[in-house]
Structure formats: C-alpha cells, structure tokens
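data36.cif (mmCIF, C-alpha atoms)
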```cif
data_run
#
loop_
_atom_site.label_atom_id
_atom_site.label_comp_id
_atom_site.auth_asym_id
_atom_site.auth_seq_id
_atom_site.Cartn_x
_atom_site.Cartn_y
_atom_site.Cartn_z
CA MET A 1 -9.91 24.17 -7.63
CA THR A 2 -13.31 25.89 -7.66
CA ASP A 3 -16.21 25.84 -10.05
CA PRO A 4 -18.83 28.63 -10.00
CA HIS A 5 -21.44 26.24 -11.35
CA ALA A 6 -20.99 23.57 -8.68
CA PRO A 7 -22.50 23.82 -5.21
CA ASP A 8 -20.08 24.17 -2.32
CA THR A 9 -19.45 21.31 0.05
CA PRO A 10 -19.36 21.86 3.83
CA ASP A 11 -15.55 21.70 3.93
CA GLY A 12 -15.20 24.60 1.50
CA GLY A 13 -14.49 22.50 -1.57
CA PHE A 14 -16.84 21.97 -4.46
CA ARG A 15 -19.12 19.20 -5.55
CA PRO A 16 -17.83 17.91 -8.88
CA ARG A 17 -19.96 16.39 -11.56
CA ALA A 18 -18.67 12.90 -12.18
CA ALA A 19 -19.28 9.84 -14.32
CA VAL A 20 -18.12 6.23 -14.31
CA ALA A 21 -16.17 5.14 -17.41
CA MET A 22 -15.22 1.47 -17.57
CA SER A 23 -16.61 -1.84 -18.75
CA GLN A 24 -19.94 -2.95 -17.33
CA ASP A 25 -18.30 -5.97 -15.71
CA ALA A 26 -15.65 -3.81 -14.07
CA ALA A 27 -18.24 -1.38 -12.75
CA ALA A 28 -20.32 -4.20 -11.27
CA ALA A 29 -17.23 -5.75 -9.65
CA VAL A 30 -15.50 -2.67 -8.24
CA LEU A 31 -18.37 -0.32 -7.46
CA ASP A 32 -20.80 -2.07 -5.15
CA PRO A 33 -23.91 -0.21 -3.91
CA GLN A 34 -22.12 1.01 -0.78
CA SER A 35 -19.25 2.46 -2.81
CA LEU A 36 -21.63 4.12 -5.25
CA GLY A 37 -23.54 5.64 -2.35
CA ALA A 38 -20.31 7.02 -0.91
CA PHE A 39 -19.35 8.55 -4.26
CA ARG A 40 -22.76 10.19 -4.52
CA ARG A 41 -22.16 11.91 -1.19
CA VAL A 42 -19.02 13.48 -2.62
CA CYS A 43 -20.07 14.30 -6.17
CA ASP A 44 -23.01 14.53 -8.52
CA LEU A 45 -22.63 11.13 -10.12
CA ALA A 46 -24.19 10.53 -13.52
CA PRO A 47 -26.62 7.60 -13.49
CA LEU A 48 -25.34 4.18 -14.41
CA PRO A 49 -24.73 2.18 -16.57
CA ALA A 50 -21.05 3.00 -16.83
CA LEU A 51 -19.76 4.60 -19.99
CA ASP A 52 -18.01 1.84 -21.93
CA ASP A 53 -18.29 3.54 -25.31
CA LEU A 54 -17.50 7.25 -25.30
CA SER A 55 -18.77 7.86 -28.82
CA THR A 56 -22.49 7.30 -28.18
CA PRO A 57 -25.00 10.17 -27.89
CA ARG A 58 -25.58 9.32 -24.23
CA ALA A 59 -21.86 9.36 -23.50
CA ARG A 60 -21.43 12.72 -25.25
CA SER A 61 -24.30 14.17 -23.26
CA VAL A 62 -22.82 12.98 -19.97
CA LEU A 63 -19.29 14.06 -20.86
CA ALA A 64 -20.43 17.60 -21.64
CA ASP A 65 -20.89 18.38 -17.93
CA VAL A 66 -18.27 16.16 -16.30
CA ASP A 67 -15.50 17.53 -14.07
CA LEU A 68 -14.26 14.16 -12.90
CA LEU A 69 -14.14 10.71 -14.49
CA ILE A 70 -14.04 7.60 -12.33
CA THR A 71 -12.34 5.09 -14.61
CA GLY A 72 -11.56 1.39 -14.42
CA TRP A 73 -10.75 -1.70 -16.44
CA GLY A 74 -12.18 -1.36 -19.93
CA CYS A 75 -12.28 2.43 -20.03
CA PRO A 76 -11.97 3.59 -23.66
CA PRO A 77 -9.04 5.88 -24.55
CA LEU A 78 -9.54 9.49 -23.51
CA ASP A 79 -8.24 10.88 -26.78
CA ALA A 80 -8.54 14.37 -28.25
CA GLN A 81 -11.96 13.65 -29.74
CA VAL A 82 -13.32 12.48 -26.39
CA LEU A 83 -11.82 15.47 -24.61
CA ARG A 84 -13.48 17.86 -27.05
CA ALA A 85 -16.79 16.38 -25.90
CA ALA A 86 -15.74 16.88 -22.26
CA PRO A 87 -14.71 20.56 -22.04
CA ARG A 88 -15.01 20.67 -18.24
CA LEU A 89 -13.05 17.50 -17.48
CA ARG A 90 -10.19 18.25 -15.10
CA ALA A 91 -9.45 15.00 -13.29
CA VAL A 92 -9.39 11.22 -13.75
CA VAL A 93 -9.51 8.86 -10.78
CA HIS A 94 -8.64 5.31 -11.82
CA THR A 95 -9.95 2.39 -9.78
CA ALA A 96 -7.19 0.06 -10.97
CA GLY A 97 -3.43 0.21 -11.54
CA SER A 98 -2.06 1.17 -14.93
CA VAL A 99 -3.54 4.17 -16.75
CA ARG A 100 -1.65 3.50 -19.98
CA GLY A 101 -4.70 2.06 -21.72
CA HIS A 102 -6.87 5.16 -21.47
CA VAL A 103 -4.94 8.25 -20.37
CA THR A 104 -3.53 9.66 -23.60
CA ASP A 105 -1.15 12.49 -24.50
CA ALA A 106 -4.21 14.69 -25.02
CA CYS A 107 -5.01 14.35 -21.30
CA TRP A 108 -1.57 15.49 -20.24
CA GLU A 109 -1.58 18.33 -22.76
CA ARG A 110 -4.81 19.65 -21.28
CA GLY A 111 -3.35 19.39 -17.79
CA ILE A 112 -5.87 16.85 -16.52
CA GLU A 113 -4.91 15.53 -13.09
CA VAL A 114 -4.71 11.75 -12.84
CA SER A 115 -4.81 9.42 -9.85
CA SER A 116 -4.44 5.65 -9.77
CA ALA A 117 -5.31 2.92 -7.27
CA ALA A 118 -2.03 1.15 -8.05
CA ALA A 119 -0.99 1.42 -4.40
CA ALA A 120 -4.16 -0.40 -3.35
CA ASN A 121 -3.74 -3.05 -6.02
CA ALA A 122 -0.16 -3.62 -4.87
CA VAL A 123 -1.35 -4.94 -1.51
CA PRO A 124 -2.80 -8.33 -2.58
CA VAL A 125 0.03 -8.92 -5.07
CA ALA A 126 2.56 -8.42 -2.30
CA GLU A 127 0.55 -10.68 0.01
CA TYR A 128 0.47 -13.40 -2.65
CA THR A 129 4.23 -13.02 -3.12
CA LEU A 130 4.94 -13.27 0.60
CA GLY A 131 2.77 -16.37 0.85
CA MET A 132 4.56 -18.04 -2.03
CA ILE A 133 8.00 -17.15 -0.67
CA LEU A 134 7.19 -18.79 2.65
CA LEU A 135 5.39 -21.80 1.16
CA THR A 136 8.14 -22.58 -1.35
CA GLY A 137 10.82 -22.08 1.28
CA LYS A 138 9.15 -24.81 3.33
CA ARG A 139 8.47 -26.83 0.14
CA VAL A 140 4.87 -27.12 1.26
CA LEU A 141 3.31 -27.99 -2.09
CA GLU A 142 5.76 -30.77 -2.98
CA ARG A 143 5.71 -32.28 0.49
CA ALA A 144 1.90 -32.17 0.63
CA ARG A 145 1.77 -33.96 -2.70
CA GLU A 146 4.19 -36.62 -1.45
CA PHE A 147 2.20 -36.99 1.78
CA ARG A 148 -1.02 -37.48 -0.15
CA ALA A 149 0.62 -40.20 -2.24
CA SER A 150 2.34 -42.08 0.63
CA ARG A 151 -0.12 -41.32 3.47
CA THR A 152 2.75 -41.89 5.87
CA ARG A 153 5.01 -39.36 7.51
CA ASP A 154 8.69 -39.44 6.70
CA ASN A 155 11.45 -38.94 9.28
CA TRP A 156 11.24 -35.20 9.87
CA LEU A 157 14.65 -35.21 11.57
CA ARG A 158 16.15 -36.00 8.18
CA THR A 159 14.64 -32.95 6.51
CA PRO A 160 17.28 -31.42 4.17
CA ARG A 161 18.82 -28.17 5.38
CA SER A 162 17.71 -26.58 2.13
CA VAL A 163 14.14 -26.65 3.52
CA GLY A 164 12.95 -23.74 5.65
CA ASN A 165 12.87 -19.96 5.72
CA TYR A 166 15.44 -19.10 8.38
CA ARG A 167 18.10 -16.87 6.82
CA ARG A 168 16.78 -17.59 3.39
CA THR A 169 17.98 -15.06 0.79
CA VAL A 170 15.25 -13.43 -1.26
CA GLY A 171 15.88 -11.18 -4.23
CA ILE A 172 13.46 -8.46 -5.27
CA LEU A 173 13.70 -7.38 -8.90
CA SER A 174 12.51 -3.74 -9.00
CA ALA A 175 11.57 -1.42 -6.17
CA SER A 176 8.14 -0.83 -7.65
CA LEU A 177 5.09 -0.22 -5.49
CA ILE A 178 4.66 -3.97 -5.23
CA GLY A 179 8.36 -4.67 -4.76
CA ARG A 180 8.57 -2.19 -1.89
CA ARG A 181 5.46 -3.65 -0.29
CA VAL A 182 7.00 -7.13 -0.45
CA VAL A 183 10.10 -5.77 1.27
CA GLU A 184 7.89 -4.36 4.04
CA LEU A 185 6.08 -7.67 4.48
CA LEU A 186 9.36 -9.57 4.70
CA ARG A 187 10.72 -7.43 7.54
CA PRO A 188 9.26 -9.47 10.42
CA HIS A 189 10.83 -12.64 9.02
CA ASP A 190 14.39 -13.93 9.42
CA ILE A 191 15.07 -13.45 5.72
CA ASP A 192 17.93 -11.62 4.02
CA VAL A 193 16.63 -9.40 1.22
CA LEU A 194 18.60 -8.27 -1.82
CA LEU A 195 17.32 -5.71 -4.33
CA HIS A 196 18.14 -4.86 -7.88
CA ASP A 197 16.77 -1.64 -9.31
CA PRO A 198 18.96 0.62 -11.47
CA TYR A 199 17.14 3.70 -10.17
CA VAL A 200 17.71 2.94 -6.48
CA SER A 201 21.00 3.92 -4.86
CA ALA A 202 22.82 1.87 -2.26
CA ALA A 203 21.83 4.48 0.34
CA ASP A 204 18.16 4.29 -0.68
CA ALA A 205 18.32 0.50 -0.51
CA ALA A 206 19.86 0.66 2.96
CA ALA A 207 17.01 2.92 4.03
CA LEU A 208 14.63 0.19 2.86
CA GLY A 209 16.57 -2.32 4.93
CA VAL A 210 17.86 -4.28 1.93
CA GLU A 211 21.16 -4.76 0.13
CA ARG A 212 21.40 -3.35 -3.38
CA VAL A 213 23.15 -5.64 -5.85
CA GLU A 214 23.64 -5.83 -9.59
CA LEU A 215 21.35 -8.05 -11.63
CA PRO A 216 23.69 -11.05 -12.10
CA GLU A 217 24.46 -11.12 -8.37
CA LEU A 218 20.76 -11.07 -7.50
CA PHE A 219 20.15 -14.28 -9.43
CA ALA A 220 23.39 -15.99 -8.42
CA ARG A 221 22.97 -15.41 -4.67
CA CYS A 222 19.27 -15.75 -4.00
CA ASP A 223 17.25 -18.79 -2.97
CA THR A 224 14.17 -17.01 -4.31
CA VAL A 225 13.89 -14.21 -6.87
CA SER A 226 10.60 -12.33 -7.14
CA VAL A 227 10.01 -10.32 -10.30
CA HIS A 228 8.23 -6.96 -9.92
CA THR A 229 9.57 -4.94 -12.82
CA PRO A 230 7.04 -3.43 -15.25
CA LEU A 231 6.98 -4.59 -18.85
CA LEU A 232 8.72 -1.89 -20.87
CA PRO A 233 10.74 -2.10 -24.09
CA SER A 234 13.88 -2.16 -21.93
CA THR A 235 12.62 -4.97 -19.67
CA ARG A 236 11.16 -7.35 -22.25
CA GLY A 237 13.15 -10.56 -21.87
CA LEU A 238 15.20 -8.99 -19.07
CA VAL A 239 15.31 -12.28 -17.15
CA GLY A 240 17.11 -14.26 -19.80
CA ARG A 241 18.77 -17.62 -20.03
CA SER A 242 22.09 -16.61 -18.48
CA LEU A 243 20.40 -15.24 -15.37
CA ILE A 244 18.09 -18.24 -15.03
CA ASP A 245 20.96 -20.67 -15.49
CA SER A 246 22.96 -18.87 -12.79
CA MET A 247 20.33 -19.49 -10.09
CA PRO A 248 21.32 -21.95 -7.35
CA ALA A 249 19.98 -25.47 -7.63
CA GLY A 250 16.49 -25.65 -6.15
CA ALA A 251 16.00 -21.88 -6.26
CA VAL A 252 12.57 -20.42 -6.94
CA LEU A 253 11.56 -17.81 -9.51
CA ILE A 254 8.30 -16.02 -8.72
CA ASN A 255 6.72 -13.82 -11.37
CA THR A 256 3.68 -11.66 -10.62
CA SER A 257 4.70 -8.89 -13.02
CA ARG A 258 4.33 -9.65 -16.72
CA GLY A 259 5.19 -12.89 -18.46
CA ALA A 260 7.28 -11.27 -21.19
CA VAL A 261 9.79 -9.92 -18.65
CA VAL A 262 11.05 -13.52 -18.41
CA ASP A 263 12.42 -15.64 -21.26
CA GLN A 264 9.68 -18.30 -21.20
CA ASP A 265 11.69 -20.89 -23.14
CA ALA A 266 14.74 -20.55 -20.90
CA LEU A 267 12.60 -20.77 -17.78
CA THR A 268 10.79 -23.83 -19.13
CA ASP A 269 14.08 -25.60 -19.84
CA ALA A 270 15.41 -24.93 -16.34
CA VAL A 271 12.21 -26.00 -14.60
CA LEU A 272 11.75 -29.15 -16.68
CA ALA A 273 15.35 -30.10 -15.95
CA GLY A 274 14.55 -29.89 -12.25
CA ARG A 275 17.24 -27.26 -11.65
CA ILE A 276 14.88 -24.60 -10.30
CA ARG A 277 11.25 -24.17 -9.34
CA ALA A 278 8.80 -21.54 -10.54
CA VAL A 279 5.66 -19.82 -9.28
CA LEU A 280 4.03 -18.06 -12.19
CA ASP A 281 0.96 -15.88 -11.87
CA VAL A 282 1.75 -14.57 -15.36
CA THR A 283 3.22 -16.28 -18.39
CA ASP A 284 4.09 -15.46 -21.99
CA PRO A 285 1.60 -15.87 -23.59
CA GLU A 286 -0.80 -14.98 -20.78
CA VAL A 287 -2.37 -18.44 -20.99
CA LEU A 288 0.11 -21.07 -22.06
CA PRO A 289 -0.97 -23.48 -24.83
CA ALA A 290 -2.87 -26.48 -23.48
CA ASP A 291 -0.01 -28.82 -24.39
CA HIS A 292 2.74 -26.69 -22.85
CA PRO A 293 4.98 -28.91 -20.68
CA LEU A 294 4.88 -26.55 -17.68
CA TRP A 295 1.24 -27.44 -17.02
CA ASP A 296 2.20 -30.94 -15.91
CA CYS A 297 5.57 -30.11 -14.39
CA GLU A 298 5.74 -30.70 -10.64
CA ASN A 299 8.36 -27.96 -10.28
CA ALA A 300 6.00 -25.28 -11.57
CA LEU A 301 2.95 -23.72 -9.95
CA ILE A 302 0.88 -21.70 -12.42
CA THR A 303 -1.99 -19.53 -11.17
CA PRO A 304 -4.46 -17.64 -13.40
CA HIS A 305 -3.24 -14.06 -12.88
CA LEU A 306 -5.05 -13.93 -9.55
CA ALA A 307 -2.50 -12.11 -7.39
CA GLY A 308 -4.06 -8.71 -8.08
CA SER A 309 -7.27 -7.45 -6.54
CA GLU A 310 -10.19 -9.87 -6.71
CA GLY A 311 -13.38 -10.49 -4.75
CA ASN A 312 -13.56 -8.44 -1.57
CA GLU A 313 -10.23 -6.80 -2.47
CA TRP A 314 -12.02 -4.73 -5.14
CA ARG A 315 -13.48 -2.70 -2.30
CA ARG A 316 -9.98 -1.47 -1.44
CA LEU A 317 -9.68 -0.04 -4.97
CA ALA A 318 -13.02 1.74 -4.66
CA ASP A 319 -12.13 3.08 -1.22
CA LEU A 320 -8.88 4.56 -2.47
CA ALA A 321 -10.59 6.12 -5.49
CA LEU A 322 -13.25 7.58 -3.21
CA ALA A 323 -10.61 9.05 -0.90
CA GLU A 324 -8.81 10.57 -3.89
CA SER A 325 -12.05 12.05 -5.26
CA THR A 326 -12.83 13.55 -1.86
CA ARG A 327 -9.36 15.10 -1.57
CA TRP A 328 -9.54 16.53 -5.07
CA ALA A 329 -13.00 18.02 -4.51
CA SER A 330 -11.78 19.67 -1.29
CA GLY A 331 -8.81 21.24 -3.06
CA ALA A 332 -6.23 19.07 -1.27
CA GLY A 333 -5.00 17.35 -4.43
CA PHE A 334 -4.31 13.69 -5.02
CA LEU A 335 -2.34 11.57 -2.58
CA HIS A 336 -1.59 9.05 -5.35
CA PRO A 337 -1.03 11.15 -8.47
CA VAL A 338 0.25 9.74 -11.73
CA ARG A 339 2.91 11.97 -13.29
CA ARG A 340 3.46 12.07 -17.01
CA GLU A 341 7.23 12.04 -16.58
CA ARG A 342 7.01 8.80 -14.59
CA LEU A 343 4.99 6.86 -17.16
CA ALA A 344 8.11 5.38 -18.71
CA PHE A 345 8.79 3.58 -15.42
CA LEU A 346 5.26 2.38 -14.68
CA ALA A 347 3.50 -0.81 -15.72
#
```
Go through the file and emit its structure as structure tokens.
Amino acid sequence: MTDPHAPDTPDGGFRPRAAVAMSQDAAAAVLDPQSLGAFRRVCDLAPLPALDDLSTPRARSVLADVDLLITGWGCPPLDAQVLRAAPRLRAVVHTAGSVRGHVTDACWERGIEVSSAAAANAVPVAEYTLGMILLTGKRVLERAREFRASRTRDNWLRTPRSVGNYRRTVGILSASLIGRRVVELLRPHDIDVLLHDPYVSAADAAALGVERVELPELFARCDTVSVHTPLLPSTRGLVGRSLIDSMPAGAVLINTSRGAVVDQDALTDAVLAGRIRAVLDVTDPEVLPADHPLWDCENALITPHLAGSEGNEWRRLADLALAESTRWASGAGFLHPVRRERLAFLA
C-alpha cells in the first residue's frame, strides 16, 4: 500500500498517520513511553491522550487524517458514522485479543485490514493453565493448606497414587490459539493429551501430537479438562451437567475462557459434593455473589480473571502491535490478521 501524501520510509514503505483509540487506562497500561517512542519511529502518531470518544471535535479532527488506528480495551465502535469521519483509514491494529467490541460490519465493508494481539495474549493464559495443571496434579494447594494446619509432615510414602503428573491425562476443549499453546507447553511433560474440537480432524490432531476425541469421551477419560472454547451462541452452557457428572472422581476442571461456557450451577453442585475440583479464572457471572458457596469451598480456586496479560505482559501486546504496524507500513501485510469469515469462531 502506498500513499502519495505520506513520506517514504527507508525500506520503501510509507509512513502512516496513526492515532491511539482506547480507554485512557488501557493506553497508560499497554503503551509505556518506550512503546510510544517505537511507534513514533514507524508512523506519525497523533498526540495523546488516546481517543476514547470518537464523537468529539478533537477526535473528528484526528480521524480525518488517520491511515492506521492503534486500538485497545475500551475503543468505541468503529461504525459507519465514525468511518465517514475517517476517510483515509485503512487498517486497525488491536493491542488486545477480541475485536468484536469495536470492529463493525462497516469496517469489513470498507475493506479495512485488521490485526489482533490475540496470539500475544494467549501466552500468559497458556502459562497460567500449565501452572494450574501441574499444581493441581500434585495437589499442591490442598497439601499446603493441610501442612499449614498440622505443621507436621505426613508419611510421604503413603501418598495416594492419584497424586502426581506422570501419565496424567489432560483434555483440551478447543484448539484455539490458547488451547494450541497449552498443547505446546505440555509437550515436555509426561502427560497424555486429548483434544476435542469439531473443526479439527484426527489427522490434524495427530500433527499436534494429541488424540482427538468426542466431547463426552474427553470428560469421561481425563484427570483434568481445560476449557478454551470461545463464548458463542453454540457454546453457551456447552459444559453441562451430564459432562461434569461424567468426570472421574477427583478430576479438575480449569476454565480460563468464559464463565458462561460452563453450567455454573452444575459445576457448583459437583465441587461442593467433593466429586471434582475446579480452577476458575472466569465465572458466570464474572464476579460471583459474595455469598456464593464456591468462595469458601476448599475444592475450588477462584482467581480474578488474571490469566490474561497483566503487568509486564502488556509490553508483549504492544510489541506485537508495533511489529504488525511496521509490517503493514512496509507493504508486507499483517502476520496476525483477523478475517471476517473467522469471526464466528473467535472469542
């Protein structure tokens, strides 16, 4: 792509005019001074603050000359009215995962190219998942709690054979970006991995080094099931009571996807009964009521939706967005494009 009004860059590309569109908090978190400086070397970046309201006179003035939008959490929808104010806009680089909240049909109809940092955000979620698989396999949290209470060591030679990670069977629900990353991280371990994804063939699963199984078999055979399917109309309540009740005694359900993929009531019943254990980074609702019984249940670990990028991990998002902006400006195209036809399968 070339633009007669934009100065050339040394590599033969062009220097796009860009602006940041996201909430002020997101901009402060994701775009530190070093990242902003790097973006300014690639493009003519409109001065901050970030555009968090695209209807203001300032926003309309900035949008009038923008080729590229660097978006993030809290970006307003890029609807037809916004696009009319941004006649030059040709690309959106998103510094987070899902683009559903701001990339509208009007963007696709204009042919705007879209990139997402979903691949970068998948990394810490997969790391969290791996950590929880290994910790729950060793029953670290329960045994640490017992150790704190007794302050004496039990006879380790009487440890039940259900404890440990050797030849443990782990099920991955959905070969999403995160699901595939978890599979990669599990490879060095002596763990058998099963996968359920209706869009992955047995041959594709074998290429990933996993065994493809149907959904009921995944839950019936696995010591741990990790949920990575996006929340879509077809996946709401996908993990229902029959699947949860089919899990082996002492099995673990890990959910880092969306709470509504799992039947919260059925899961609560199984965990309170002591049949299974749960690690929940997401719930339905997102924060359970203060009197919900899972808060005080020793078989449940609930974390505050922290598996995704936080703290120094935000820099990974900015680095990927910068790399994508650089590729696009040079004419190489996005390495992590978002395709309209794939939206139905994305979170």
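One finds CA of Gly97 (chain A) at 23.1 Å from CA of Arg17 (chain A).
Note that CA of Arg145 (chain A) and CA of Met132 (chain A) are 16.2 Å apart.
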Selection result of the PyMOL selection byres ((chain A and resi 31-34) around 12) on this file, as a PyMOL selection string
chain A and resi 20-30+35-41+48-50+70-73+95-96+311-322
Residue IDs satisfying the PyMOL selection byres ((chain A and resi 185-199) around 7), as an MDAnalysis selection string
chainID A and resid 130 165:175 181:184 200:201 210:215 218
Could you work out how far CA of Ala46 (chain A) lies from CA of Cys107 (chain A), giving the answer in Å with one decimal?
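Rounded to one decimal, the two atoms are 21.0 Å apart.
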Kindly resolve the PyMOL selection byres ((chain A and resi 123) around 10) on the present coordinates and return the residues as a count of residues only.
21
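Counting all atoms listed in the file and comparing A:Ser115, A:Pro230, A:Ile254, A:Phe147, the residue that lies closest to Gly131 (chain A) is A:Ile254.
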Residue with smallest distance to Leu54 (chain A) - pool A:Ala85, A:Met247, A:Leu238, A:Leu231, counting all atoms listed in the file:
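Nearest candidate to Leu54 (chain A) out of A:Ala85, A:Met247, A:Leu238, A:Leu231: A:Ala85.
With distances restricted to all atoms listed in the file, A:Ala251 is the closest residue to Ser162 (chain A) from A:Ile276, A:Ala251, A:Cys43, A:Ala266.
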Glu324 (chain A) surroundings by only C-alpha atoms, 10 Å radius, close-in-sequence under 2 positions cut, as a VMD selection string:
chain A and resid 92 to 94 114 to 117 318 to 322 326 to 330 332 to 337
Expected file: the selected residues, C-alpha atoms, as a PDB file, keeping the file's coordinate frame:
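Done, and the output landed in result.pdb:
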```pdb
ATOM      1  CA  VAL A  92      -9.390  11.220 -13.750  1.00  0.00           C
ATOM      2  CA  VAL A  93      -9.510   8.860 -10.780  1.00  0.00           C
ATOM      3  CA  HIS A  94      -8.640   5.310 -11.820  1.00  0.00           C
ATOM      4  CA  VAL A 114      -4.710  11.750 -12.840  1.00  0.00           C
ATOM      5  CA  SER A 115      -4.810   9.420  -9.850  1.00  0.00           C
ATOM      6  CA  SER A 116      -4.440   5.650  -9.770  1.00  0.00           C
ATOM      7  CA  ALA A 117      -5.310   2.920  -7.270  1.00  0.00           C
ATOM      8  CA  ALA A 318     -13.020   1.740  -4.660  1.00  0.00           C
ATOM      9  CA  ASP A 319     -12.130   3.080  -1.220  1.00  0.00           C
ATOM     10  CA  LEU A 320      -8.880   4.560  -2.470  1.00  0.00           C
ATOM     11  CA  ALA A 321     -10.590   6.120  -5.490  1.00  0.00           C
ATOM     12  CA  LEU A 322     -13.250   7.580  -3.210  1.00  0.00           C
ATOM     13  CA  THR A 326     -12.830  13.550  -1.860  1.00  0.00           C
ATOM     14  CA  ARG A 327      -9.360  15.100  -1.570  1.00  0.00           C
ATOM     15  CA  TRP A 328      -9.540  16.530  -5.070  1.00  0.00           C
ATOM     16  CA  ALA A 329     -13.000  18.020  -4.510  1.00  0.00           C
ATOM     17  CA  SER A 330     -11.780  19.670  -1.290  1.00  0.00           C
ATOM     18  CA  ALA A 332      -6.230  19.070  -1.270  1.00  0.00           C
ATOM     19  CA  GLY A 333      -5.000  17.350  -4.430  1.00  0.00           C
ATOM     20  CA  PHE A 334      -4.310  13.690  -5.020  1.00  0.00           C
ATOM     21  CA  LEU A 335      -2.340  11.570  -2.580  1.00  0.00           C
ATOM     22  CA  HIS A 336      -1.590   9.050  -5.350  1.00  0.00           C
ATOM     23  CA  PRO A 337      -1.030  11.150  -8.470  1.00  0.00           C
TER      24      PRO A 337
END
```
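Shortest atom-to-atom contact with Ala220 (chain A) among A:Gly237, A:Leu232, A:Gly137, A:Ile244: A:Ile244, counting all atoms listed in the file.
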File for region 60-111 of chain A (C-alpha atoms), as a PDB file, in the first residue's frame:
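Written out: out-v7.pdb:
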```pdb
ATOM      1  CA  ARG A  60     -13.065  14.056  14.345  1.00  0.00           C
ATOM      2  CA  SER A  61     -10.104  16.276  13.579  1.00  0.00           C
ATOM      3  CA  VAL A  62      -7.630  13.471  14.289  1.00  0.00           C
ATOM      4  CA  LEU A  63      -9.644  10.861  12.414  1.00  0.00           C
ATOM      5  CA  ALA A  64      -9.746  12.998   9.279  1.00  0.00           C
ATOM      6  CA  ASP A  65      -6.076  12.265   8.536  1.00  0.00           C
ATOM      7  CA  VAL A  66      -5.621   8.790  10.009  1.00  0.00           C
ATOM      8  CA  ASP A  67      -4.434   5.811   7.953  1.00  0.00           C
ATOM      9  CA  LEU A  68      -3.996   3.482  10.893  1.00  0.00           C
ATOM     10  CA  LEU A  69      -5.740   3.136  14.254  1.00  0.00           C
ATOM     11  CA  ILE A  70      -3.960   1.536  17.195  1.00  0.00           C
ATOM     12  CA  THR A  71      -6.844   0.234  19.282  1.00  0.00           C
ATOM     13  CA  GLY A  72      -7.172  -1.403  22.674  1.00  0.00           C
ATOM     14  CA  TRP A  73      -9.543  -2.133  25.527  1.00  0.00           C
ATOM     15  CA  GLY A  74     -12.271   0.492  25.640  1.00  0.00           C
ATOM     16  CA  CYS A  75     -12.089   1.510  21.985  1.00  0.00           C
ATOM     17  CA  PRO A  76     -15.510   2.804  20.882  1.00  0.00           C
ATOM     18  CA  PRO A  77     -17.233   1.011  17.975  1.00  0.00           C
ATOM     19  CA  LEU A  78     -15.863   1.934  14.567  1.00  0.00           C
ATOM     20  CA  ASP A  79     -19.283   2.261  12.997  1.00  0.00           C
ATOM     21  CA  ALA A  80     -20.332   3.872   9.719  1.00  0.00           C
ATOM     22  CA  GLN A  81     -20.552   7.330  11.283  1.00  0.00           C
ATOM     23  CA  VAL A  82     -17.017   7.085  12.651  1.00  0.00           C
ATOM     24  CA  LEU A  83     -15.702   5.789   9.351  1.00  0.00           C
ATOM     25  CA  ARG A  84     -17.244   8.724   7.490  1.00  0.00           C
ATOM     26  CA  ALA A  85     -15.092  10.955   9.693  1.00  0.00           C
ATOM     27  CA  ALA A  86     -12.035   8.817   8.856  1.00  0.00           C
ATOM     28  CA  PRO A  87     -11.965   8.672   5.034  1.00  0.00           C
ATOM     29  CA  ARG A  88      -8.307   7.599   4.896  1.00  0.00           C
ATOM     30  CA  LEU A  89      -8.492   4.814   7.484  1.00  0.00           C
ATOM     31  CA  ARG A  90      -7.241   1.553   6.005  1.00  0.00           C
ATOM     32  CA  ALA A  91      -6.018  -0.531   8.928  1.00  0.00           C
ATOM     33  CA  VAL A  92      -6.704  -1.305  12.593  1.00  0.00           C
ATOM     34  CA  VAL A  93      -4.034  -2.814  14.839  1.00  0.00           C
ATOM     35  CA  HIS A  94      -5.541  -4.053  18.097  1.00  0.00           C
ATOM     36  CA  THR A  95      -3.354  -4.288  21.197  1.00  0.00           C
ATOM     37  CA  ALA A  96      -5.593  -6.900  22.821  1.00  0.00           C
ATOM     38  CA  GLY A  97      -7.444 -10.056  21.791  1.00  0.00           C
ATOM     39  CA  SER A  98     -11.037  -9.856  20.610  1.00  0.00           C
ATOM     40  CA  VAL A  99     -12.019  -7.163  18.109  1.00  0.00           C
ATOM     41  CA  ARG A 100     -15.744  -7.859  18.387  1.00  0.00           C
ATOM     42  CA  GLY A 101     -16.377  -4.821  20.562  1.00  0.00           C
ATOM     43  CA  HIS A 102     -15.180  -2.223  18.071  1.00  0.00           C
ATOM     44  CA  VAL A 103     -14.643  -3.638  14.578  1.00  0.00           C
ATOM     45  CA  THR A 104     -18.064  -3.425  12.958  1.00  0.00           C
ATOM     46  CA  ASP A 105     -19.572  -4.590   9.662  1.00  0.00           C
ATOM     47  CA  ALA A 106     -18.841  -1.123   8.285  1.00  0.00           C
ATOM     48  CA  CYS A 107     -15.101  -1.813   8.711  1.00  0.00           C
ATOM     49  CA  TRP A 108     -15.268  -5.042   6.747  1.00  0.00           C
ATOM     50  CA  GLU A 109     -17.434  -3.459   4.055  1.00  0.00           C
ATOM     51  CA  ARG A 110     -14.823  -0.759   3.514  1.00  0.00           C
ATOM     52  CA  GLY A 111     -12.098  -3.401   3.319  1.00  0.00           C
TER      53      GLY A 111
END
```
